[in-house]
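Data file: my_file.pdb. Format and content: PDB, N, CA and C atoms.
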ATOM      1  N   MET N  17     -12.614  20.296   6.830
ATOM      2  CA  MET N  17     -12.135  19.324   7.811
ATOM      3  C   MET N  17     -11.425  18.172   7.094
ATOM      4  N   GLU N  18     -10.264  17.818   7.588
ATOM      5  CA  GLU N  18      -9.510  16.738   6.954
ATOM      6  C   GLU N  18     -10.105  15.393   7.342
ATOM      7  N   GLN N  19     -10.264  14.562   6.353
ATOM      8  CA  GLN N  19     -10.830  13.239   6.585
ATOM      9  C   GLN N  19      -9.820  12.378   7.350
ATOM     10  N   GLU N  20     -10.321  11.606   8.296
ATOM     11  CA  GLU N  20      -9.453  10.715   9.054
ATOM     12  C   GLU N  20      -9.129   9.475   8.219
ATOM     13  N   ILE N  21      -7.874   9.111   8.229
ATOM     14  CA  ILE N  21      -7.429   7.900   7.536
ATOM     15  C   ILE N  21      -7.066   6.875   8.602
ATOM     16  N   VAL N  22      -7.483   5.649   8.403
ATOM     17  CA  VAL N  22      -7.081   4.581   9.305
ATOM     18  C   VAL N  22      -5.634   4.228   8.975
ATOM     19  N   ILE N  23      -4.772   4.317   9.990
ATOM     20  CA  ILE N  23      -3.354   3.994   9.828
ATOM     21  C   ILE N  23      -3.107   2.618  10.446
ATOM     22  N   LEU N  24      -2.499   1.744   9.678
ATOM     23  CA  LEU N  24      -2.249   0.378  10.149
ATOM     24  C   LEU N  24      -0.790   0.179  10.547
ATOM     25  N   THR N  25      -0.572  -0.723  11.486
ATOM     26  CA  THR N  25       0.784  -1.145  11.849
ATOM     27  C   THR N  25       1.191  -2.267  10.895
ATOM     28  N   LYS N  26       2.471  -2.585  10.883
ATOM     29  CA  LYS N  26       2.925  -3.676  10.010
ATOM     30  C   LYS N  26       2.262  -4.998  10.395
ATOM     31  N   GLN N  27       2.004  -5.186  11.679
ATOM     32  CA  GLN N  27       1.347  -6.426  12.122
ATOM     33  C   GLN N  27      -0.086  -6.505  11.587
ATOM     34  N   GLU N  28      -0.773  -5.379  11.595
ATOM     35  CA  GLU N  28      -2.142  -5.357  11.067
ATOM     36  C   GLU N  28      -2.144  -5.635   9.562
ATOM     37  N   VAL N  29      -1.154  -5.078   8.854
ATOM     38  CA  VAL N  29      -1.041  -5.334   7.414
ATOM     39  C   VAL N  29      -0.791  -6.823   7.186
ATOM     40  N   LEU N  30       0.124  -7.384   7.965
ATOM     41  CA  LEU N  30       0.446  -8.807   7.858
ATOM     42  C   LEU N  30      -0.806  -9.657   8.084
ATOM     43  N   ASN N  31      -1.619  -9.295   9.066
ATOM     44  CA  ASN N  31      -2.855 -10.034   9.344
ATOM     45  C   ASN N  31      -3.808  -9.975   8.148
ATOM     46  N   HIS N  32      -3.940  -8.791   7.539
ATOM     47  CA  HIS N  32      -4.804  -8.660   6.366
ATOM     48  C   HIS N  32      -4.292  -9.536   5.218
ATOM     49  N   ILE N  33      -2.972  -9.564   5.024
ATOM     50  CA  ILE N  33      -2.390 -10.380   3.953
ATOM     51  C   ILE N  33      -2.670 -11.860   4.224
ATOM     52  N   LYS N  34      -2.403 -12.294   5.472
ATOM     53  CA  LYS N  34      -2.614 -13.705   5.828
ATOM     54  C   LYS N  34      -4.068 -14.116   5.650
ATOM     55  N   ASN N  35      -4.976 -13.220   6.008
ATOM     56  CA  ASN N  35      -6.407 -13.535   5.956
ATOM     57  C   ASN N  35      -7.043 -13.220   4.605
ATOM     58  N   GLY N  36      -6.286 -12.580   3.708
ATOM     59  CA  GLY N  36      -6.816 -12.228   2.397
ATOM     60  C   GLY N  36      -7.964 -11.231   2.458
ATOM     61  N   THR N  37      -7.916 -10.343   3.461
ATOM     62  CA  THR N  37      -9.045  -9.436   3.691
ATOM     63  C   THR N  37      -8.877  -8.068   3.043
ATOM     64  N   ALA N  38      -7.742  -7.810   2.389
ATOM     65  CA  ALA N  38      -7.550  -6.514   1.731
ATOM     66  C   ALA N  38      -6.526  -6.647   0.612
ATOM     67  N   VAL N  39      -6.637  -5.787  -0.371
ATOM     68  CA  VAL N  39      -5.633  -5.694  -1.424
ATOM     69  C   VAL N  39      -4.577  -4.706  -0.941
ATOM     70  N   VAL N  40      -3.312  -5.110  -0.975
ATOM     71  CA  VAL N  40      -2.223  -4.229  -0.559
ATOM     72  C   VAL N  40      -1.648  -3.581  -1.819
ATOM     73  N   VAL N  41      -1.633  -2.236  -1.830
ATOM     74  CA  VAL N  41      -1.258  -1.494  -3.030
ATOM     75  C   VAL N  41      -0.031  -0.620  -2.794
ATOM     76  N   ASN N  42       0.998  -0.835  -3.604
ATOM     77  CA  ASN N  42       2.191   0.004  -3.597
ATOM     78  C   ASN N  42       1.905   1.170  -4.535
ATOM     79  N   VAL N  43       1.967   2.399  -4.007
ATOM     80  CA  VAL N  43       1.620   3.575  -4.815
ATOM     81  C   VAL N  43       2.851   4.311  -5.344
ATOM     82  N   LEU N  44       4.018   3.691  -5.204
ATOM     83  CA  LEU N  44       5.253   4.279  -5.737
ATOM     84  C   LEU N  44       5.337   4.029  -7.243
ATOM     85  N   ALA N  45       6.322   4.635  -7.866
ATOM     86  CA  ALA N  45       6.560   4.418  -9.300
ATOM     87  C   ALA N  45       6.791   2.934  -9.565
ATOM     88  N   ARG N  46       6.441   2.497 -10.749
ATOM     89  CA  ARG N  46       6.562   1.073 -11.111
ATOM     90  C   ARG N  46       7.993   0.566 -10.939
ATOM     91  N   SER N  47       8.979   1.409 -11.230
ATOM     92  CA  SER N  47      10.377   0.981 -11.098
ATOM     93  C   SER N  47      10.720   0.662  -9.642
ATOM     94  N   ALA N  48      10.195   1.441  -8.705
ATOM     95  CA  ALA N  48      10.435   1.184  -7.277
ATOM     96  C   ALA N  48       9.742  -0.111  -6.856
ATOM     97  N   TYR N  49       8.532  -0.312  -7.358
ATOM     98  CA  TYR N  49       7.793  -1.555  -7.076
ATOM     99  C   TYR N  49       8.571  -2.760  -7.596
ATOM    100  N   ASP N  50       9.100  -2.651  -8.819
ATOM    101  CA  ASP N  50       9.833  -3.767  -9.418
ATOM    102  C   ASP N  50      11.056  -4.147  -8.590
ATOM    103  N   GLU N  51      11.699  -3.145  -7.986
ATOM    104  CA  GLU N  51      12.889  -3.409  -7.169
ATOM    105  C   GLU N  51      12.548  -4.174  -5.901
ATOM    106  N   SER N  52      11.541  -3.706  -5.185
ATOM    107  CA  SER N  52      11.183  -4.342  -3.922
ATOM    108  C   SER N  52       9.781  -3.924  -3.498
ATOM    109  N   HIS N  53       8.978  -4.902  -3.132
ATOM    110  CA  HIS N  53       7.627  -4.611  -2.652
ATOM    111  C   HIS N  53       7.173  -5.688  -1.677
ATOM    112  N   ILE N  54       6.163  -5.355  -0.899
ATOM    113  CA  ILE N  54       5.571  -6.315   0.029
ATOM    114  C   ILE N  54       5.046  -7.490  -0.790
ATOM    115  N   LYS N  55       5.449  -8.674  -0.377
ATOM    116  CA  LYS N  55       5.060  -9.878  -1.117
ATOM    117  C   LYS N  55       3.540  -9.947  -1.241
ATOM    118  N   GLY N  56       3.080 -10.120  -2.477
ATOM    119  CA  GLY N  56       1.650 -10.221  -2.729
ATOM    120  C   GLY N  56       0.962  -8.895  -3.006
ATOM    121  N   SER N  57       1.702  -7.801  -2.877
ATOM    122  CA  SER N  57       1.078  -6.495  -3.140
ATOM    123  C   SER N  57       1.037  -6.222  -4.637
ATOM    124  N   VAL N  58       0.173  -5.296  -5.022
ATOM    125  CA  VAL N  58       0.040  -4.920  -6.428
ATOM    126  C   VAL N  58       0.564  -3.497  -6.614
ATOM    127  N   SER N  59       0.920  -3.167  -7.831
ATOM    128  CA  SER N  59       1.444  -1.842  -8.137
ATOM    129  C   SER N  59       0.386  -0.999  -8.835
ATOM    130  N   ILE N  60       0.025   0.106  -8.192
ATOM    131  CA  ILE N  60      -0.781   1.133  -8.851
ATOM    132  C   ILE N  60      -0.140   2.470  -8.481
ATOM    133  N   PRO N  61       0.803   2.963  -9.305
ATOM    134  CA  PRO N  61       1.436   4.244  -8.993
ATOM    135  C   PRO N  61       0.387   5.334  -8.757
ATOM    136  N   PHE N  62       0.715   6.276  -7.870
ATOM    137  CA  PHE N  62      -0.242   7.296  -7.450
ATOM    138  C   PHE N  62      -0.898   8.018  -8.619
ATOM    139  N   ASP N  63      -0.107   8.361  -9.658
ATOM    140  CA  ASP N  63      -0.698   9.093 -10.778
ATOM    141  C   ASP N  63      -1.744   8.256 -11.517
ATOM    142  N   LEU N  64      -1.541   6.934 -11.548
ATOM    143  CA  LEU N  64      -2.540   6.069 -12.182
ATOM    144  C   LEU N  64      -3.793   5.948 -11.309
ATOM    145  N   LEU N  65      -3.598   5.947  -9.981
ATOM    146  CA  LEU N  65      -4.749   5.954  -9.068
ATOM    147  C   LEU N  65      -5.619   7.170  -9.351
ATOM    148  N   GLU N  66      -4.954   8.320  -9.491
ATOM    149  CA  GLU N  66      -5.687   9.560  -9.750
ATOM    150  C   GLU N  66      -6.476   9.480 -11.057
ATOM    151  N   GLU N  67      -5.946   8.721 -12.019
ATOM    152  CA  GLU N  67      -6.619   8.576 -13.310
ATOM    153  C   GLU N  67      -7.694   7.495 -13.278
ATOM    154  N   GLY N  68      -7.827   6.822 -12.123
ATOM    155  CA  GLY N  68      -8.861   5.797 -11.985
ATOM    156  C   GLY N  68      -8.482   4.428 -12.508
ATOM    157  N   GLU N  69      -7.179   4.155 -12.614
ATOM    158  CA  GLU N  69      -6.696   2.837 -13.061
ATOM    159  C   GLU N  69      -6.753   1.865 -11.884
ATOM    160  N   LEU N  70      -7.894   1.236 -11.690
ATOM    161  CA  LEU N  70      -8.092   0.426 -10.487
ATOM    162  C   LEU N  70      -8.297  -1.054 -10.782
ATOM    163  N   ASP N  71      -7.967  -1.502 -11.982
ATOM    164  CA  ASP N  71      -8.179  -2.903 -12.349
ATOM    165  C   ASP N  71      -7.496  -3.871 -11.385
ATOM    166  N   ALA N  72      -6.324  -3.493 -10.884
ATOM    167  CA  ALA N  72      -5.557  -4.390 -10.013
ATOM    168  C   ALA N  72      -6.267  -4.674  -8.690
ATOM    169  N   LEU N  73      -7.279  -3.892  -8.366
ATOM    170  CA  LEU N  73      -8.009  -4.123  -7.111
ATOM    171  C   LEU N  73      -8.989  -5.292  -7.236
ATOM    172  N   ASN N  74      -9.209  -5.754  -8.446
ATOM    173  CA  ASN N  74     -10.077  -6.917  -8.677
ATOM    174  C   ASN N  74     -11.443  -6.799  -8.012
ATOM    175  N   GLY N  75     -11.986  -5.596  -7.975
ATOM    176  CA  GLY N  75     -13.311  -5.410  -7.408
ATOM    177  C   GLY N  75     -13.378  -5.435  -5.897
ATOM    178  N   LYS N  76     -12.231  -5.659  -5.230
ATOM    179  CA  LYS N  76     -12.230  -5.656  -3.763
ATOM    180  C   LYS N  76     -12.352  -4.229  -3.264
ATOM    181  N   LYS N  77     -13.039  -4.066  -2.157
ATOM    182  CA  LYS N  77     -13.274  -2.730  -1.616
ATOM    183  C   LYS N  77     -12.316  -2.365  -0.482
ATOM    184  N   ASP N  78     -11.737  -3.353   0.191
ATOM    185  CA  ASP N  78     -10.808  -3.067   1.290
ATOM    186  C   ASP N  78      -9.396  -2.993   0.726
ATOM    187  N   VAL N  79      -8.776  -1.847   0.908
ATOM    188  CA  VAL N  79      -7.483  -1.578   0.288
ATOM    189  C   VAL N  79      -6.518  -1.014   1.326
ATOM    190  N   ILE N  80      -5.264  -1.482   1.282
ATOM    191  CA  ILE N  80      -4.198  -0.924   2.124
ATOM    192  C   ILE N  80      -3.171  -0.312   1.189
ATOM    193  N   THR N  81      -2.900   0.969   1.362
ATOM    194  CA  THR N  81      -1.909   1.636   0.526
ATOM    195  C   THR N  81      -0.604   1.775   1.297
ATOM    196  N   TYR N  82       0.506   1.714   0.575
ATOM    197  CA  TYR N  82       1.811   1.978   1.202
ATOM    198  C   TYR N  82       2.748   2.569   0.182
ATOM    199  N   CYS N  83       3.788   3.243   0.700
ATOM    200  CA  CYS N  83       4.798   3.822  -0.176
ATOM    201  C   CYS N  83       6.177   3.480   0.385
ATOM    202  N   LYS N  84       7.068   4.449   0.447
ATOM    203  CA  LYS N  84       8.454   4.163   0.823
ATOM    204  C   LYS N  84       8.669   4.074   2.330
ATOM    205  N   SER N  85       8.224   5.104   3.065
ATOM    206  CA  SER N  85       8.522   5.161   4.493
ATOM    207  C   SER N  85       7.620   6.190   5.166
ATOM    208  N   TYR N  86       7.852   6.403   6.450
ATOM    209  CA  TYR N  86       7.070   7.385   7.210
ATOM    210  C   TYR N  86       7.197   8.797   6.644
ATOM    211  N   THR N  87       8.298   9.092   5.956
ATOM    212  CA  THR N  87       8.495  10.445   5.429
ATOM    213  C   THR N  87       7.788  10.663   4.088
ATOM    214  N   CYS N  88       7.218   9.605   3.539
ATOM    215  CA  CYS N  88       6.510   9.687   2.258
ATOM    216  C   CYS N  88       5.012   9.769   2.536
ATOM    217  N   GLY N  89       4.373  10.799   2.048
ATOM    218  CA  GLY N  89       2.950  10.970   2.331
ATOM    219  C   GLY N  89       2.007  10.340   1.312
ATOM    220  N   ALA N  90       2.566   9.660   0.319
ATOM    221  CA  ALA N  90       1.734   9.137  -0.773
ATOM    222  C   ALA N  90       0.717   8.098  -0.310
ATOM    223  N   SER N  91       1.067   7.305   0.701
ATOM    224  CA  SER N  91       0.128   6.267   1.146
ATOM    225  C   SER N  91      -1.139   6.898   1.712
ATOM    226  N   LYS N  92      -0.992   7.973   2.486
ATOM    227  CA  LYS N  92      -2.165   8.642   3.052
ATOM    228  C   LYS N  92      -2.973   9.350   1.965
ATOM    229  N   ARG N  93      -2.289  10.017   1.033
ATOM    230  CA  ARG N  93      -2.993  10.697  -0.060
ATOM    231  C   ARG N  93      -3.768   9.691  -0.909
ATOM    232  N   ALA N  94      -3.160   8.534  -1.154
ATOM    233  CA  ALA N  94      -3.811   7.495  -1.952
ATOM    234  C   ALA N  94      -5.026   6.937  -1.218
ATOM    235  N   ALA N  95      -4.904   6.730   0.091
ATOM    236  CA  ALA N  95      -6.038   6.219   0.874
ATOM    237  C   ALA N  95      -7.190   7.222   0.859
ATOM    238  N   LEU N  96      -6.866   8.509   0.997
ATOM    239  CA  LEU N  96      -7.902   9.556   0.929
ATOM    240  C   LEU N  96      -8.613   9.521  -0.420
ATOM    241  N   LEU N  97      -7.825   9.428  -1.468
ATOM    242  CA  LEU N  97      -8.363   9.396  -2.828
ATOM    243  C   LEU N  97      -9.300   8.198  -3.006
ATOM    244  N   LEU N  98      -8.846   7.028  -2.577
ATOM    245  CA  LEU N  98      -9.643   5.809  -2.721
ATOM    246  C   LEU N  98     -10.914   5.868  -1.874
ATOM    247  N   ASN N  99     -10.809   6.412  -0.665
ATOM    248  CA  ASN N  99     -12.002   6.549   0.179
ATOM    249  C   ASN N  99     -13.034   7.425  -0.520
ATOM    250  N   GLY N 100     -12.557   8.469  -1.188
ATOM    251  CA  GLY N 100     -13.444   9.357  -1.929
ATOM    252  C   GLY N 100     -14.123   8.669  -3.102
ATOM    253  N   MET N 101     -13.522   7.545  -3.564
ATOM    254  CA  MET N 101     -14.092   6.775  -4.677
ATOM    255  C   MET N 101     -14.993   5.642  -4.177
ATOM    256  N   GLY N 102     -15.182   5.578  -2.855
ATOM    257  CA  GLY N 102     -16.068   4.552  -2.309
ATOM    258  C   GLY N 102     -15.375   3.309  -1.787
ATOM    259  N   TYR N 103     -14.053   3.331  -1.736
ATOM    260  CA  TYR N 103     -13.321   2.192  -1.178
ATOM    261  C   TYR N 103     -13.137   2.373   0.324
ATOM    262  N   ASN N 104     -12.823   1.276   1.003
ATOM    263  CA  ASN N 104     -12.460   1.332   2.411
ATOM    264  C   ASN N 104     -10.938   1.228   2.440
ATOM    265  N   ALA N 105     -10.279   2.374   2.282
ATOM    266  CA  ALA N 105      -8.819   2.376   2.169
ATOM    267  C   ALA N 105      -8.157   2.761   3.485
ATOM    268  N   MET N 106      -7.087   2.052   3.790
ATOM    269  CA  MET N 106      -6.282   2.296   4.982
ATOM    270  C   MET N 106      -4.845   2.495   4.527
ATOM    271  N   ALA N 107      -4.044   3.182   5.337
ATOM    272  CA  ALA N 107      -2.657   3.448   4.955
ATOM    273  C   ALA N 107      -1.694   2.747   5.904
ATOM    274  N   TYR N 108      -0.634   2.208   5.328
ATOM    275  CA  TYR N 108       0.487   1.671   6.114
ATOM    276  C   TYR N 108       1.654   2.621   5.889
ATOM    277  N   GLU N 109       1.925   3.449   6.893
ATOM    278  CA  GLU N 109       2.914   4.517   6.733
ATOM    279  C   GLU N 109       4.366   4.057   6.828
ATOM    280  N   GLY N 110       4.625   2.931   7.453
ATOM    281  CA  GLY N 110       6.004   2.454   7.584
ATOM    282  C   GLY N 110       6.632   2.149   6.235
ATOM    283  N   GLY N 111       5.778   1.763   5.303
ATOM    284  CA  GLY N 111       6.224   1.538   3.938
ATOM    285  C   GLY N 111       7.187   0.389   3.774
ATOM    286  N   ILE N 112       7.733   0.310   2.570
ATOM    287  CA  ILE N 112       8.619  -0.800   2.231
ATOM    288  C   ILE N 112       9.889  -0.779   3.095
ATOM    289  N   GLU N 113      10.340   0.401   3.513
ATOM    290  CA  GLU N 113      11.560   0.461   4.330
ATOM    291  C   GLU N 113      11.370  -0.253   5.664
ATOM    292  N   GLU N 114      10.298   0.092   6.399
ATOM    293  CA  GLU N 114      10.059  -0.564   7.691
ATOM    294  C   GLU N 114       9.798  -2.059   7.493
ATOM    295  N   TRP N 115       9.062  -2.385   6.451
ATOM    296  CA  TRP N 115       8.717  -3.780   6.165
ATOM    297  C   TRP N 115       9.980  -4.615   5.959
ATOM    298  N   GLU N 116      10.898  -4.091   5.130
ATOM    299  CA  GLU N 116      12.161  -4.805   4.872
ATOM    300  C   GLU N 116      13.008  -4.905   6.131
ATOM    301  N   GLN N 117      13.112  -3.785   6.875
ATOM    302  CA  GLN N 117      13.934  -3.767   8.088
ATOM    303  C   GLN N 117      13.410  -4.745   9.141
ATOM    304  N   SER N 118      12.115  -5.036   9.073
ATOM    305  CA  SER N 118      11.510  -5.967  10.026
ATOM    306  C   SER N 118      11.652  -7.415   9.567
ATOM    307  N   GLY N 119      12.242  -7.612   8.389
ATOM    308  CA  GLY N 119      12.443  -8.967   7.883
ATOM    309  C   GLY N 119      11.168  -9.629   7.385
ATOM    310  N   LEU N 120      10.175  -8.818   7.034
ATOM    311  CA  LEU N 120       8.908  -9.366   6.540
ATOM    312  C   LEU N 120       9.029  -9.689   5.052
ATOM    313  N   PRO N 121       8.126 -10.540   4.530
ATOM    314  CA  PRO N 121       8.281 -11.034   3.156
ATOM    315  C   PRO N 121       8.182  -9.947   2.078
ATOM    316  N   VAL N 122       9.232  -9.884   1.248
ATOM    317  CA  VAL N 122       9.267  -8.965   0.115
ATOM    318  C   VAL N 122       9.637  -9.741  -1.144
ATOM    319  N   GLU N 123       9.364  -9.133  -2.279
ATOM    320  CA  GLU N 123       9.795  -9.692  -3.543
ATOM    321  C   GLU N 123      10.173  -8.566  -4.467
ATOM    322  N   GLY N 124      10.977  -8.874  -5.487
ATOM    323  CA  GLY N 124      11.411  -7.859  -6.438
ATOM    324  C   GLY N 124      12.821  -8.141  -6.912
ATOM    325  N   THR N 125      13.316  -7.295  -7.812
ATOM    326  CA  THR N 125      14.604  -7.559  -8.442
ATOM    327  C   THR N 125      15.783  -7.367  -7.501
ATOM    328  N   LYS N 126      15.666  -6.495  -6.484
ATOM    329  CA  LYS N 126      16.812  -6.292  -5.595
ATOM    330  C   LYS N 126      16.778  -7.223  -4.397
ATOM    331  N   VAL N 127      15.753  -8.082  -4.347
ATOM    332  CA  VAL N 127      15.627  -9.030  -3.239
ATOM    333  C   VAL N 127      16.367 -10.310  -3.621
ATOM    334  N   SER N 128      17.287 -10.729  -2.737
ATOM    335  CA  SER N 128      18.054 -11.929  -3.084
ATOM    336  C   SER N 128      17.364 -13.181  -2.604
TER     337      SER N 128
END
Take the structure in the file and write it out as structure tokens.
Amino acid sequence: MEQEIVILTKQEVLNHIKNGTAVVVNVLARSAYDESHIKGSVSIPFDLLEEGELDALNGKKDVITYCKSYTCGASKRAALLLNGMGYNAMAYEGGIEEWEQSGLPVEGTKVS
């Protein structure tokens, strides 16, 4: 049976960021993160997550994963992986594309 993943809307992600209630994790390659990411999010590429590189979570248990867009499944795979490690992980499937298109806060080298 496939484990259910909690899927968040961009508004729910924004609320978590404002309230400081979860670590937002970009699971794309570091180069993609460097170009553009949700403001305040941390970079843990998926392959590093699999290797257990979780220092960036700072011991927090509530985690929101995101990747590029709805067509990228990495956010859900990362949330499943983290849930299996004892975290309370949720996925934001809209990813950086929806976030940018909505005019929400981003940072990175391609952001003017």
request  = Report as a PyMOL selection string the full result of the PyMOL selection byres ((chain N and resi 71-86) around 7) when it is applied to this structure.
outcome  = chain N and resi 37-44+58-59+68-70+87-92+94-95+102-114
task = Per DSSP on the backbone, filter chain N down to the residues in alpha helix (DSSP H) and report them as a VMD selection string.
result = chain N and resid 26 to 35 46 to 51 62 to 66 90 to 100 111 to 117
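From atom C of Glu20 (chain N) back to atom N of Ser57 (chain N), the distance works out to 23.2 Å.
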Å distance separating CA of Asn31 (chain N) from atom N of His53 (chain N), one decimal place = 17.9 Å
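Distances from N:Gly36, N:Phe62, N:Lys55, N:Ala45 to Arg93 (chain N) were compared using only N, CA and C atoms, and the smallest one belongs to N:Phe62.
Distance check against Ile33 (chain N) using all atoms listed in the file: of N:Tyr49, N:Gly56, N:Glu66, N:Glu123, the minimum falls on N:Gly56.
Counting from atom C of Leu97 (chain N), the distance to atom C of Leu65 (chain N) is 7.4 Å.
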task = as a PyMOL selection string, please: all residues of region 19-119 of chain N that backbone DSSP puts in strand (DSSP E or B).
result = chain N and resi 22-23+39-42+53-54+58-59+78-82+104-108
Residues in the PyMOL selection byres (((chain N and resi 124-127 and name CA) around 6) and name CA), expressed as a list in words = Asp50, Glu51, Ser52, Glu123 and Ser128 of chain N
Just add all heavy atoms to region 70-78 of chain N and send it as a compact mmCIF listing (two decimals), in the frame of the given file.
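Now in rebuild38.txt:
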# COMPACT_ATOMS: atom_id res chain seq x y z
N LEU N 70 -7.89 1.24 -11.69
CA LEU N 70 -8.09 0.43 -10.49
C LEU N 70 -8.30 -1.05 -10.78
O LEU N 70 -8.74 -1.80 -9.91
CB LEU N 70 -9.29 0.98 -9.70
CG LEU N 70 -9.19 2.47 -9.35
CD1 LEU N 70 -10.48 2.95 -8.72
CD2 LEU N 70 -8.01 2.75 -8.43
N ASP N 71 -7.97 -1.50 -11.98
CA ASP N 71 -8.18 -2.90 -12.35
C ASP N 71 -7.50 -3.87 -11.38
O ASP N 71 -8.02 -4.95 -11.11
CB ASP N 71 -7.67 -3.18 -13.77
CG ASP N 71 -8.47 -2.43 -14.82
OD1 ASP N 71 -9.54 -1.88 -14.48
OD2 ASP N 71 -8.04 -2.40 -15.99
N ALA N 72 -6.32 -3.49 -10.88
CA ALA N 72 -5.56 -4.39 -10.01
C ALA N 72 -6.27 -4.67 -8.69
O ALA N 72 -5.90 -5.61 -7.97
CB ALA N 72 -4.17 -3.80 -9.74
N LEU N 73 -7.28 -3.89 -8.37
CA LEU N 73 -8.01 -4.12 -7.11
C LEU N 73 -8.99 -5.29 -7.24
O LEU N 73 -9.52 -5.77 -6.23
CB LEU N 73 -8.76 -2.86 -6.68
CG LEU N 73 -7.89 -1.63 -6.42
CD1 LEU N 73 -8.75 -0.45 -5.99
CD2 LEU N 73 -6.81 -1.93 -5.40
N ASN N 74 -9.21 -5.75 -8.45
CA ASN N 74 -10.08 -6.92 -8.68
C ASN N 74 -11.44 -6.80 -8.01
O ASN N 74 -11.97 -7.78 -7.50
CB ASN N 74 -9.39 -8.21 -8.20
CG ASN N 74 -8.19 -8.55 -9.04
OD1 ASN N 74 -8.18 -8.31 -10.24
ND2 ASN N 74 -7.16 -9.09 -8.42
N GLY N 75 -11.99 -5.60 -7.98
CA GLY N 75 -13.31 -5.41 -7.41
C GLY N 75 -13.38 -5.44 -5.90
O GLY N 75 -14.44 -5.29 -5.31
N LYS N 76 -12.23 -5.66 -5.23
CA LYS N 76 -12.23 -5.66 -3.76
C LYS N 76 -12.35 -4.23 -3.26
O LYS N 76 -11.82 -3.30 -3.85
CB LYS N 76 -10.95 -6.28 -3.23
CG LYS N 76 -10.85 -7.77 -3.48
CD LYS N 76 -10.03 -8.44 -2.40
CE LYS N 76 -10.05 -9.94 -2.57
NZ LYS N 76 -8.75 -10.53 -2.64
N LYS N 77 -13.04 -4.07 -2.16
CA LYS N 77 -13.27 -2.73 -1.62
C LYS N 77 -12.32 -2.37 -0.48
O LYS N 77 -12.14 -1.20 -0.17
CB LYS N 77 -14.72 -2.60 -1.12
CG LYS N 77 -15.72 -2.52 -2.26
CD LYS N 77 -15.56 -1.23 -3.05
CE LYS N 77 -16.62 -1.07 -4.11
NZ LYS N 77 -16.37 0.04 -5.00
N ASP N 78 -11.74 -3.35 0.19
CA ASP N 78 -10.81 -3.07 1.29
C ASP N 78 -9.40 -2.99 0.73
O ASP N 78 -8.90 -3.96 0.15
CB ASP N 78 -10.90 -4.14 2.38
CG ASP N 78 -12.23 -4.09 3.12
OD1 ASP N 78 -12.82 -3.00 3.18
OD2 ASP N 78 -12.66 -5.13 3.63
